[in-house]
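Participant: So I've got this file, input08.cif, and it contains mmCIF, C-alpha atoms and all ligand atoms:
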data_run
#
loop_
_atom_site.group_PDB
_atom_site.id
_atom_site.type_symbol
_atom_site.label_atom_id
_atom_site.label_comp_id
_atom_site.auth_asym_id
_atom_site.auth_seq_id
_atom_site.Cartn_x
_atom_site.Cartn_y
_atom_site.Cartn_z
ATOM 1 C CA MET A 1 12.905 56.653 20.688
ATOM 2 C CA ASP A 2 14.926 59.904 20.408
ATOM 3 C CA SER A 3 16.152 60.035 16.802
ATOM 4 C CA LYS A 4 19.786 60.401 17.856
ATOM 5 C CA ILE A 5 19.646 57.135 19.785
ATOM 6 C CA ILE A 6 20.735 54.249 17.574
ATOM 7 C CA ASP A 7 18.279 51.448 18.271
ATOM 8 C CA GLY A 8 20.318 48.223 18.128
ATOM 9 C CA THR A 9 17.291 46.104 18.941
ATOM 10 C CA ASP A 10 15.419 47.412 15.897
ATOM 11 C CA LEU A 11 18.438 47.158 13.549
ATOM 12 C CA SER A 12 19.252 43.660 14.736
ATOM 13 C CA ALA A 13 15.627 42.624 14.114
ATOM 14 C CA GLN A 14 16.059 43.718 10.475
ATOM 15 C CA ILE A 15 19.221 41.611 10.098
ATOM 16 C CA LYS A 16 17.654 38.629 11.902
ATOM 17 C CA ALA A 17 14.681 38.809 9.497
ATOM 18 C CA GLU A 18 17.121 38.781 6.546
ATOM 19 C CA VAL A 19 18.922 35.781 8.080
ATOM 20 C CA LYS A 20 15.619 33.964 8.661
ATOM 21 C CA ASN A 21 14.686 34.371 4.983
ATOM 22 C CA HIS A 22 18.116 33.108 3.980
ATOM 23 C CA VAL A 23 17.702 30.076 6.267
ATOM 24 C CA LYS A 24 14.345 29.307 4.612
ATOM 25 C CA ARG A 25 15.978 29.330 1.169
ATOM 26 C CA LEU A 26 18.880 27.178 2.436
ATOM 27 C CA LYS A 27 16.540 24.652 4.018
ATOM 28 C CA SER A 28 14.931 23.947 0.651
ATOM 29 C CA LYS A 29 18.393 22.937 -0.631
ATOM 30 C CA MET A 30 19.852 21.292 2.500
ATOM 31 C CA ALA A 31 18.888 18.044 4.179
ATOM 32 C CA ARG A 32 19.039 19.775 7.576
ATOM 33 C CA PRO A 33 18.875 23.280 9.052
ATOM 34 C CA PRO A 34 22.109 25.248 9.660
ATOM 35 C CA GLY A 35 23.631 24.324 13.035
ATOM 36 C CA LEU A 36 25.334 26.576 15.596
ATOM 37 C CA SER A 37 27.128 24.974 18.557
ATOM 38 C CA VAL A 38 28.167 27.027 21.571
ATOM 39 C CA VAL A 39 30.645 25.773 24.179
ATOM 40 C CA LEU A 40 30.099 27.356 27.600
ATOM 41 C CA VAL A 41 32.685 26.634 30.293
ATOM 42 C CA GLY A 42 32.031 27.504 33.943
ATOM 43 C CA ASP A 43 29.190 29.393 35.556
ATOM 44 C CA ASP A 44 29.790 33.079 34.850
ATOM 45 C CA PRO A 45 26.228 34.466 35.070
ATOM 46 C CA ALA A 46 26.706 37.096 32.330
ATOM 47 C CA SER A 47 28.103 34.492 29.905
ATOM 48 C CA ALA A 48 25.161 32.188 30.650
ATOM 49 C CA VAL A 49 22.736 34.998 29.703
ATOM 50 C CA TYR A 50 24.637 35.809 26.471
ATOM 51 C CA VAL A 51 24.726 32.147 25.445
ATOM 52 C CA ARG A 52 21.012 31.706 26.148
ATOM 53 C CA ASN A 53 20.261 34.778 24.012
ATOM 54 C CA LYS A 54 22.444 33.475 21.163
ATOM 55 C CA GLN A 55 20.723 30.093 21.210
ATOM 56 C CA ARG A 56 17.252 31.606 21.362
ATOM 57 C CA ALA A 57 18.061 33.824 18.365
ATOM 58 C CA ALA A 58 19.475 30.857 16.409
ATOM 59 C CA LYS A 59 16.282 28.871 16.985
ATOM 60 C CA GLU A 60 14.068 31.848 16.069
ATOM 61 C CA ALA A 61 15.988 32.121 12.779
ATOM 62 C CA GLY A 62 15.211 28.471 12.025
ATOM 63 C CA MET A 63 18.648 27.089 12.879
ATOM 64 C CA ILE A 64 19.563 24.234 15.167
ATOM 65 C CA GLY A 65 21.276 25.713 18.190
ATOM 66 C CA ASN A 66 22.904 23.588 20.843
ATOM 67 C CA THR A 67 24.959 24.440 23.903
ATOM 68 C CA ILE A 68 27.643 22.212 25.383
ATOM 69 C CA ALA A 69 27.952 23.282 29.025
ATOM 70 C CA MET A 70 31.171 22.234 30.762
ATOM 71 C CA PRO A 71 32.178 22.672 34.410
ATOM 72 C CA HIS A 72 34.596 25.405 35.546
ATOM 73 C CA SER A 73 37.090 22.665 36.469
ATOM 74 C CA SER A 74 37.358 21.431 32.851
ATOM 75 C CA THR A 75 40.918 21.115 31.553
ATOM 76 C CA GLU A 76 42.193 22.644 28.326
ATOM 77 C CA ASP A 77 42.454 19.141 26.828
ATOM 78 C CA GLU A 78 38.835 18.376 27.726
ATOM 79 C CA ILE A 79 37.614 21.576 26.066
ATOM 80 C CA ILE A 80 39.727 20.949 22.964
ATOM 81 C CA GLN A 81 38.346 17.399 22.824
ATOM 82 C CA VAL A 82 34.795 18.809 22.673
ATOM 83 C CA VAL A 83 35.853 21.307 19.992
ATOM 84 C CA ASN A 84 37.457 18.488 17.977
ATOM 85 C CA GLU A 85 34.212 16.505 18.067
ATOM 86 C CA LEU A 86 32.305 19.558 16.786
ATOM 87 C CA ASN A 87 34.962 20.095 14.100
ATOM 88 C CA ILE A 88 34.068 16.717 12.554
ATOM 89 C CA ASP A 89 30.314 16.830 13.303
ATOM 90 C CA ALA A 90 28.609 17.191 9.896
ATOM 91 C CA SER A 91 25.468 18.702 11.471
ATOM 92 C CA CYS A 92 27.466 21.568 13.007
ATOM 93 C CA ASP A 93 28.220 24.498 10.692
ATOM 94 C CA GLY A 94 29.402 27.067 13.231
ATOM 95 C CA ILE A 95 31.311 26.746 16.533
ATOM 96 C CA LEU A 96 31.655 29.402 19.212
ATOM 97 C CA VAL A 97 33.521 29.025 22.501
ATOM 98 C CA GLN A 98 32.079 31.653 24.835
ATOM 99 C CA LEU A 99 34.707 33.937 26.370
ATOM 100 C CA PRO A 100 36.073 34.599 28.895
ATOM 101 C CA LEU A 101 37.281 31.091 29.747
ATOM 102 C CA PRO A 102 38.377 30.231 33.312
ATOM 103 C CA ASP A 103 41.824 31.584 34.253
ATOM 104 C CA HIS A 104 43.554 28.183 34.059
ATOM 105 C CA ILE A 105 42.662 27.868 30.345
ATOM 106 C CA ASN A 106 44.671 29.483 27.549
ATOM 107 C CA GLU A 107 42.018 31.131 25.363
ATOM 108 C CA ALA A 108 44.284 31.393 22.329
ATOM 109 C CA THR A 109 45.027 27.642 22.423
ATOM 110 C CA VAL A 110 41.323 26.793 22.541
ATOM 111 C CA THR A 111 40.374 29.319 19.860
ATOM 112 C CA SER A 112 43.098 27.955 17.588
ATOM 113 C CA SER A 113 41.665 24.425 17.890
ATOM 114 C CA ILE A 114 38.412 25.427 16.136
ATOM 115 C CA ASP A 115 38.166 24.465 12.450
ATOM 116 C CA PRO A 116 38.782 27.870 10.773
ATOM 117 C CA LEU A 117 35.907 27.127 8.365
ATOM 118 C CA LYS A 118 33.505 26.774 11.336
ATOM 119 C CA ASP A 119 34.946 29.675 13.351
ATOM 120 C CA VAL A 120 31.887 31.966 13.286
ATOM 121 C CA ASP A 121 33.508 34.195 15.934
ATOM 122 C CA GLY A 122 36.379 34.966 13.540
ATOM 123 C CA LEU A 123 38.931 34.604 16.340
ATOM 124 C CA HIS A 124 41.092 31.780 14.879
ATOM 125 C CA PRO A 125 44.474 33.210 13.803
ATOM 126 C CA ASN A 126 43.708 32.242 10.167
ATOM 127 C CA ASN A 127 40.556 34.335 10.215
ATOM 128 C CA ALA A 128 42.120 37.211 12.162
ATOM 129 C CA GLY A 129 44.964 37.161 9.599
ATOM 130 C CA LEU A 130 42.601 37.171 6.611
ATOM 131 C CA LEU A 131 40.791 40.181 8.073
ATOM 132 C CA ALA A 132 44.085 41.997 8.717
ATOM 133 C CA ALA A 133 45.079 41.258 5.111
ATOM 134 C CA GLY A 134 41.880 42.904 3.880
ATOM 135 C CA THR A 135 40.293 39.654 2.661
ATOM 136 C CA PRO A 136 37.979 38.630 5.542
ATOM 137 C CA ARG A 137 36.359 35.187 5.783
ATOM 138 C CA PHE A 138 34.545 35.466 9.133
ATOM 139 C CA VAL A 139 34.341 38.950 10.648
ATOM 140 C CA PRO A 140 34.024 38.875 14.482
ATOM 141 C CA ALA A 141 30.378 39.510 15.305
ATOM 142 C CA THR A 142 30.641 42.675 17.410
ATOM 143 C CA PRO A 143 32.856 44.574 14.925
ATOM 144 C CA GLY A 144 30.665 43.350 12.049
ATOM 145 C CA GLY A 145 27.597 44.588 13.932
ATOM 146 C CA ILE A 146 29.131 48.022 14.502
ATOM 147 C CA VAL A 147 29.840 48.472 10.785
ATOM 148 C CA GLN A 148 26.243 47.490 9.968
ATOM 149 C CA MET A 149 24.987 49.951 12.575
ATOM 150 C CA LEU A 150 26.985 52.803 11.053
ATOM 151 C CA LEU A 151 25.961 51.989 7.475
ATOM 152 C CA ARG A 152 22.289 51.442 8.275
ATOM 153 C CA THR A 153 21.962 54.751 10.167
ATOM 154 C CA GLY A 154 23.554 56.961 7.498
ATOM 155 C CA ASN A 155 26.870 57.232 9.352
ATOM 156 C CA ASN A 156 29.127 55.814 6.640
ATOM 157 C CA PRO A 157 32.677 55.725 8.075
ATOM 158 C CA SER A 158 34.295 56.502 4.706
ATOM 159 C CA GLY A 159 36.738 59.405 5.107
ATOM 160 C CA LYS A 160 35.850 59.906 8.789
ATOM 161 C CA ARG A 161 38.225 60.182 11.733
ATOM 162 C CA VAL A 162 37.472 57.158 13.939
ATOM 163 C CA VAL A 163 38.930 56.701 17.422
ATOM 164 C CA ILE A 164 38.711 53.262 19.053
ATOM 165 C CA LEU A 165 39.252 52.789 22.782
ATOM 166 C CA GLY A 166 40.588 49.269 23.398
ATOM 167 C CA ARG A 167 42.862 46.881 21.481
ATOM 168 C CA SER A 168 41.305 43.495 22.282
ATOM 169 C CA ASN A 169 41.371 40.647 19.759
ATOM 170 C CA ILE A 170 37.591 40.413 19.946
ATOM 171 C CA VAL A 171 36.654 44.089 19.332
ATOM 172 C CA GLY A 172 39.347 46.810 19.164
ATOM 173 C CA ARG A 173 41.805 45.121 16.807
ATOM 174 C CA PRO A 174 39.261 43.680 14.331
ATOM 175 C CA ILE A 175 37.104 46.843 14.200
ATOM 176 C CA SER A 176 40.240 48.875 13.423
ATOM 177 C CA ASN A 177 41.033 46.491 10.557
ATOM 178 C CA LEU A 178 37.474 46.597 9.225
ATOM 179 C CA LEU A 179 37.057 50.361 9.328
ATOM 180 C CA SER A 180 40.437 51.038 7.704
ATOM 181 C CA MET A 181 39.869 48.467 4.921
ATOM 182 C CA LYS A 182 39.268 49.600 1.359
ATOM 183 C CA GLY A 183 35.628 49.597 0.302
ATOM 184 C CA GLU A 184 32.078 49.585 1.687
ATOM 185 C CA GLY A 185 32.032 49.987 5.477
ATOM 186 C CA GLY A 186 35.729 50.957 5.549
ATOM 187 C CA ASP A 187 37.892 53.779 4.206
ATOM 188 C CA ALA A 188 38.046 55.523 7.605
ATOM 189 C CA THR A 189 41.107 57.092 9.244
ATOM 190 C CA VAL A 190 41.515 55.001 12.377
ATOM 191 C CA THR A 191 43.320 55.572 15.680
ATOM 192 C CA ILE A 192 43.454 52.955 18.464
ATOM 193 C CA CYS A 193 43.834 54.144 22.076
ATOM 194 C CA HIS A 194 44.887 51.906 24.973
ATOM 195 C CA SER A 195 46.222 52.041 28.509
ATOM 196 C CA ARG A 196 49.516 53.628 27.396
ATOM 197 C CA THR A 197 47.946 56.330 25.209
ATOM 198 C CA LYS A 198 48.975 59.857 26.188
ATOM 199 C CA ASN A 199 46.477 62.743 26.204
ATOM 200 C CA ILE A 200 43.597 60.377 25.558
ATOM 201 C CA GLY A 201 41.060 63.218 25.903
ATOM 202 C CA ASP A 202 42.710 65.137 23.042
ATOM 203 C CA VAL A 203 42.678 62.032 20.842
ATOM 204 C CA CYS A 204 39.020 61.311 21.654
ATOM 205 C CA ARG A 205 38.006 64.901 20.917
ATOM 206 C CA SER A 206 39.442 64.516 17.400
ATOM 207 C CA ALA A 207 36.949 61.709 16.680
ATOM 208 C CA GLU A 208 33.975 62.022 14.355
ATOM 209 C CA ILE A 209 33.122 58.440 15.302
ATOM 210 C CA LEU A 210 34.164 57.207 18.768
ATOM 211 C CA ILE A 211 34.018 53.506 19.641
ATOM 212 C CA ALA A 212 34.516 52.566 23.301
ATOM 213 C CA ALA A 213 35.448 48.954 24.109
ATOM 214 C CA ILE A 214 37.506 48.969 27.313
ATOM 215 C CA GLY A 215 35.136 47.609 29.958
ATOM 216 C CA ILE A 216 35.329 50.619 32.291
ATOM 217 C CA PRO A 217 31.878 51.952 33.257
ATOM 218 C CA GLY A 218 31.280 55.550 32.139
ATOM 219 C CA PHE A 219 34.938 56.093 31.084
ATOM 220 C CA VAL A 220 34.081 58.471 28.232
ATOM 221 C CA THR A 221 32.699 61.717 29.680
ATOM 222 C CA SER A 222 31.157 64.667 27.848
ATOM 223 C CA ASP A 223 34.385 66.706 28.038
ATOM 224 C CA MET A 224 36.158 63.966 26.029
ATOM 225 C CA VAL A 225 34.005 64.299 22.901
ATOM 226 C CA SER A 226 33.356 66.927 20.266
ATOM 227 C CA ASP A 227 29.899 68.162 19.323
ATOM 228 C CA GLY A 228 28.276 65.969 16.686
ATOM 229 C CA VAL A 229 30.278 62.825 17.498
ATOM 230 C CA VAL A 230 28.786 59.421 16.637
ATOM 231 C CA ALA A 231 29.317 57.471 19.879
ATOM 232 C CA ILE A 232 29.336 53.670 19.788
ATOM 233 C CA ASP A 233 29.394 51.962 23.188
ATOM 234 C CA VAL A 234 30.576 48.339 23.264
ATOM 235 C CA GLY A 235 30.832 48.138 27.066
ATOM 236 C CA ILE A 236 28.398 45.965 29.012
ATOM 237 C CA ASN A 237 29.326 46.522 32.671
ATOM 238 C CA ARG A 238 27.340 45.330 35.680
ATOM 239 C CA VAL A 239 27.269 48.011 38.384
ATOM 240 C CA GLU A 240 25.578 47.731 41.753
ATOM 241 C CA ALA A 241 22.070 49.247 41.865
ATOM 242 C CA THR A 242 20.257 48.738 45.144
ATOM 243 C CA ASP A 243 17.031 50.106 43.638
ATOM 244 C CA ARG A 244 16.928 47.253 41.087
ATOM 245 C CA LYS A 245 15.358 43.900 41.928
ATOM 246 C CA ARG A 246 18.408 41.958 40.701
ATOM 247 C CA GLY A 247 20.775 44.316 42.578
ATOM 248 C CA TYR A 248 22.687 45.578 39.547
ATOM 249 C CA LYS A 249 22.211 47.477 36.299
ATOM 250 C CA LEU A 250 24.038 47.394 32.987
ATOM 251 C CA VAL A 251 25.990 50.457 31.901
ATOM 252 C CA GLY A 252 28.360 51.092 29.015
ATOM 253 C CA ASP A 253 31.866 52.556 28.761
ATOM 254 C CA ILE A 254 30.339 55.904 27.784
ATOM 255 C CA ASP A 255 28.625 58.249 30.241
ATOM 256 C CA PHE A 256 25.347 58.237 28.321
ATOM 257 C CA SER A 257 23.633 61.150 30.036
ATOM 258 C CA GLY A 258 26.532 63.547 29.423
ATOM 259 C CA VAL A 259 27.767 62.385 26.007
ATOM 260 C CA SER A 260 24.262 62.081 24.509
ATOM 261 C CA LYS A 261 23.851 65.861 24.907
ATOM 262 C CA ARG A 262 26.757 66.471 22.500
ATOM 263 C CA ALA A 263 26.505 63.469 20.165
ATOM 264 C CA SER A 264 24.679 63.458 16.838
ATOM 265 C CA ALA A 265 24.074 59.730 17.342
ATOM 266 C CA ILE A 266 24.730 57.365 20.250
ATOM 267 C CA THR A 267 24.115 53.725 21.114
ATOM 268 C CA PRO A 268 22.399 52.896 24.416
ATOM 269 C CA VAL A 269 23.386 50.112 26.830
ATOM 270 C CA PRO A 270 21.532 47.779 26.855
ATOM 271 C CA GLY A 271 19.820 47.748 23.464
ATOM 272 C CA GLY A 272 22.718 49.037 21.357
ATOM 273 C CA VAL A 273 25.694 47.012 20.146
ATOM 274 C CA GLY A 274 24.750 43.846 22.115
ATOM 275 C CA PRO A 275 21.790 42.775 19.953
ATOM 276 C CA MET A 276 23.820 43.476 16.788
ATOM 277 C CA THR A 277 26.480 40.987 17.926
ATOM 278 C CA ILE A 278 23.881 38.230 18.032
ATOM 279 C CA ALA A 279 22.447 39.101 14.611
ATOM 280 C CA MET A 280 25.913 39.050 13.010
ATOM 281 C CA LEU A 281 26.738 35.719 14.643
ATOM 282 C CA LEU A 282 23.700 34.237 12.900
ATOM 283 C CA SER A 283 24.757 35.856 9.632
ATOM 284 C CA ASN A 284 28.239 34.308 10.008
ATOM 285 C CA THR A 285 26.655 30.897 10.630
ATOM 286 C CA ILE A 286 24.858 31.156 7.282
ATOM 287 C CA ASP A 287 28.185 31.984 5.635
ATOM 288 C CA ALA A 288 29.717 28.928 7.328
ATOM 289 C CA VAL A 289 27.160 26.677 5.600
ATOM 290 C CA GLY A 290 28.695 27.680 2.281
ATOM 291 C CA PHE A 291 32.207 26.710 3.395
ATOM 292 C CA HIS A 292 31.726 22.930 3.606
HETATM 293 N N1 LIG B 301 32.126 37.090 25.113
HETATM 294 C C1 LIG B 301 31.642 38.346 24.912
HETATM 295 N N2 LIG B 301 31.434 38.576 23.600
HETATM 296 C C2 LIG B 301 31.781 37.457 22.945
HETATM 297 C C3 LIG B 301 31.796 37.083 21.557
HETATM 298 O O1 LIG B 301 31.439 37.844 20.648
HETATM 299 N N3 LIG B 301 32.233 35.828 21.303
HETATM 300 C C4 LIG B 301 32.651 34.991 22.284
HETATM 301 N N4 LIG B 301 33.070 33.780 21.926
HETATM 302 N N5 LIG B 301 32.659 35.304 23.571
HETATM 303 C C5 LIG B 301 32.228 36.529 23.891
#
Is it possible to give me this structure as structure tokens?
Ligand code: GUN
Facilitator:
Amino acid sequence: MDSKIIDGTDLSAQIKAEVKNHVKRLKSKMARPPGLSVVLVGDDPASAVYVRNKQRAAKEAGMIGNTIAMPHSSTEDEIIQVVNELNIDASCDGILVQLPLPDHINEATVTSSIDPLKDVDGLHPNNAGLLAAGTPRFVPATPGGIVQMLLRTGNNPSGKRVVILGRSNIVGRPISNLLSMKGEGGDATVTICHSRTKNIGDVCRSAEILIAAIGIPGFVTSDMVSDGVVAIDVGINRVEATDRKRGYKLVGDIDFSGVSKRASAITPVPGGVGPMTIAMLLSNTIDAVGFH
């Protein structure tokens, strides 16, 4: 692979191997393997693929992974009931409710019903608050994966100008907290851009590290970056591709062909940030074992 392309599949394999070793050591002390439970509501095809990949990775690491699939018509109370059962299930260390949830469900209400000590997604307000306070318990998996990617490829964010596109609770907000925190993996100067940002091109061109997490295919074009930028693409967008058997292809929020010509390092889609998210979820599940 071109040396400037950050290979998320390879990096995530390193982390998964570290997790697998950790699971082996834990198993000699525990009566059972670490358990990760995923709640999947509805039949969004992309979510089904992500959940399958998460469960496969959990099993490969020696954990018990189980998925609770619920119909699209499930009510908020029914989903919270399932979460409550997992909260008191002693064989379950980590709980993840796959997002997005159907429109009639309030995601924040469901997320807040997860036991904060089993919240391996780090989305419960307690965990989001601890991260914002600079004392994280569970770091959301995608932001955690991005920090690992930067550190493990010699792109330490310390002292760098970082621009983040997107202010979601799952990526933009937590990655801004992580990268601006004191210490290893932090110490960056961080700017968040969003739909009301003026002169977004100027802001992006000031970035030494640019992180795109807005869900708009190819939003970041080569004229929006400076030479030598480290470009991290969190977008996973399905766009129609009649030449592909399945009728679509996956593209990121960054126009790869243009931006890669100017970047010193860039993540591909697929095979970039996505695999790191899964590896960090497993790492969080190991941490959860220590919390109860
Ligand atoms: N949907 C897309 N990414 C994620 C994630 O990291 N966690 C959850 N729960 N849902 C997602």
Participant: Around ligand LIG 301 (chain B), at most 7 Å away and counting only C-alpha atoms and all ligand atoms, which residues are there? Put them as a ChimeraX atom specification, please.
Facilitator: /A:47,96-100,121,140-142,170,277
Participant: Give me, as a PyMOL selection string, all polymer residues having an atom no more than 6 Å from Ala207 in chain A, counting all atoms listed in the file and skipping those fewer than 4 positions away in the same chain.
Facilitator: chain A and resi 161-163
Participant: Residues of the last selection are to be written out with C-alpha atoms, as a PDB file, keeping the file's coordinate frame.
Facilitator:
ATOM      1  CA  ARG A 161      38.225  60.182  11.733  1.00  0.00           C
ATOM      2  CA  VAL A 162      37.472  57.158  13.939  1.00  0.00           C
ATOM      3  CA  VAL A 163      38.930  56.701  17.422  1.00  0.00           C
TER       4      VAL A 163
END
Participant: Counting only C-alpha atoms, what is within 9 Å of Leu101 in chain A, bar same-chain residues fewer than 4 positions away, as a VMD selection string?
Facilitator: chain A and resid 40 to 42 72 97 105 to 107
Participant: Box time for range 24-30 of chain A: axis-aligned, enclosing all its listed atoms, 5 Å extra on each side; report centre and edge lengths in Å to one decimal, as JSON.
Facilitator:
{"center_x": 17.1, "center_y": 25.3, "center_z": 2.0, "size_x": 15.5, "size_y": 18.0, "size_z": 15.2}
Participant: Extract, using all atoms listed in the file, all DNA, RNA and protein residues at most 7 Å from Met224 in chain A, discarding same-chain residues fewer than 5 positions from it, and format them as a PyMOL selection string.
Facilitator: chain A and resi 201+204-205
Participant: Quick check, in Å to one decimal: how far apart do CA of Ile216 in chain A and CA of Lys249 in chain A lie?
Facilitator: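 Here the two named atoms are 14.1 Å from each other.
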Participant: Selected by the PyMOL selection byres (((chain A and resi 291) around 12) and not hetatm) in the shown coordinates: which residues, as a PyMOL selection string?
Facilitator: chain A and resi 34+92-94+115-120+137-138+284-290+292
Participant: Determine the residue membership of the PyMOL selection byres (((chain A and resi 275) around 10) and not hetatm) for the file above and supply it as a list in words.
Facilitator: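 Listing what the PyMOL selection byres (((chain A and resi 275) around 10) and not hetatm) selects in the shown file: Asp7, Gly8, Thr9, Asp10, Leu11, Ser12, Ala13, Lys16, Tyr50, Asn53, Lys54, Ala57, Thr142, Gly145, Pro270, Gly271, Gly272, Val273, Gly274, Met276, Thr277, Ile278, Ala279 and Met280 of chain A.
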Participant: Between A:Ile79, A:Leu131, A:Thr191, A:Lys261, which residue has the minimum interatomic distance to Ser112 in chain A, considering all atoms listed in the file?
Facilitator: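 Smallest separation from Ser112 in chain A among the options: A:Ile79.
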Participant: Provide the CA of Lys27 in chain A to CA of Glu60 in chain A distance in Å, to one decimal place.
Facilitator: 14.3 Å
Participant: Looking at all atoms listed in the file, which of A:Leu178, A:Gly144, A:Ala188, A:Ser222 is the one that sits closest to Ser158 in chain A?
Facilitator: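 For Ser158 in chain A, the nearest of the given residues is A:Ala188.
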Participant: Applied to this file, what does the PyMOL selection byres (((chain A and resi 208) around 12) and not hetatm) return in terms of residues, put as a PDB file with C-alpha atoms, in the coordinates of the input?
Facilitator:
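See result.pdb below for the written result:
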ATOM      1  CA  ASN A 155      26.870  57.232   9.352  1.00  0.00           C
ATOM      2  CA  ASN A 156      29.127  55.814   6.640  1.00  0.00           C
ATOM      3  CA  PRO A 157      32.677  55.725   8.075  1.00  0.00           C
ATOM      4  CA  SER A 158      34.295  56.502   4.706  1.00  0.00           C
ATOM      5  CA  GLY A 159      36.738  59.405   5.107  1.00  0.00           C
ATOM      6  CA  LYS A 160      35.850  59.906   8.789  1.00  0.00           C
ATOM      7  CA  ARG A 161      38.225  60.182  11.733  1.00  0.00           C
ATOM      8  CA  VAL A 162      37.472  57.158  13.939  1.00  0.00           C
ATOM      9  CA  VAL A 163      38.930  56.701  17.422  1.00  0.00           C
ATOM     10  CA  ILE A 164      38.711  53.262  19.053  1.00  0.00           C
ATOM     11  CA  ALA A 188      38.046  55.523   7.605  1.00  0.00           C
ATOM     12  CA  THR A 189      41.107  57.092   9.244  1.00  0.00           C
ATOM     13  CA  VAL A 190      41.515  55.001  12.377  1.00  0.00           C
ATOM     14  CA  THR A 191      43.320  55.572  15.680  1.00  0.00           C
ATOM     15  CA  VAL A 203      42.678  62.032  20.842  1.00  0.00           C
ATOM     16  CA  CYS A 204      39.020  61.311  21.654  1.00  0.00           C
ATOM     17  CA  ARG A 205      38.006  64.901  20.917  1.00  0.00           C
ATOM     18  CA  SER A 206      39.442  64.516  17.400  1.00  0.00           C
ATOM     19  CA  ALA A 207      36.949  61.709  16.680  1.00  0.00           C
ATOM     20  CA  ILE A 209      33.122  58.440  15.302  1.00  0.00           C
ATOM     21  CA  LEU A 210      34.164  57.207  18.768  1.00  0.00           C
ATOM     22  CA  ILE A 211      34.018  53.506  19.641  1.00  0.00           C
ATOM     23  CA  VAL A 225      34.005  64.299  22.901  1.00  0.00           C
ATOM     24  CA  SER A 226      33.356  66.927  20.266  1.00  0.00           C
ATOM     25  CA  ASP A 227      29.899  68.162  19.323  1.00  0.00           C
ATOM     26  CA  GLY A 228      28.276  65.969  16.686  1.00  0.00           C
ATOM     27  CA  VAL A 229      30.278  62.825  17.498  1.00  0.00           C
ATOM     28  CA  VAL A 230      28.786  59.421  16.637  1.00  0.00           C
ATOM     29  CA  ALA A 231      29.317  57.471  19.879  1.00  0.00           C
ATOM     30  CA  ILE A 232      29.336  53.670  19.788  1.00  0.00           C
ATOM     31  CA  ARG A 262      26.757  66.471  22.500  1.00  0.00           C
ATOM     32  CA  ALA A 263      26.505  63.469  20.165  1.00  0.00           C
ATOM     33  CA  SER A 264      24.679  63.458  16.838  1.00  0.00           C
ATOM     34  CA  ALA A 265      24.074  59.730  17.342  1.00  0.00           C
ATOM     35  CA  ILE A 266      24.730  57.365  20.250  1.00  0.00           C
TER      36      ILE A 266
END
Participant: Could you check the closest approach to Val147 in chain A for each of A:Phe219, A:Leu130, A:Arg167, A:Asp187 and tell me which residue wins, using all atoms listed in the file?
Facilitator: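 Residue with the minimum atom-to-atom distance to Val147 in chain A: A:Asp187.
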Participant: Neighbours of Thr221 in chain A within 9 Å (all atoms listed in the file; same-chain residues fewer than 3 positions away dropped), as a list in words?
Facilitator: Gly218, Met224, Val225, Ile254, Asp255, Phe256, Gly258 and Val259 of chain A
Participant: Record the distance separating CA of Ile114 in chain A and CA of Val82 in chain A, expressed in Å with one decimal.
Facilitator: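 CA of Ile114 in chain A sits 10.0 Å away from CA of Val82 in chain A.
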Participant: Given the choices A:Ile192, A:Arg152, A:Thr67, A:Val38, which gets closest to Ser168 in chain A if the distance is worked out from only C-alpha atoms?
Facilitator: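 The closest residue to Ser168 in chain A is A:Ile192.
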Participant: Go through A:Ala58, A:Ile236, A:Ile68, A:Ala213 and flag the residue nearest Ala46 in chain A, using only C-alpha atoms for the distances.
Facilitator: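 Checking each of A:Ala58, A:Ile236, A:Ile68, A:Ala213 against Ala46 in chain A, counting only C-alpha atoms, the winner is A:Ile236.
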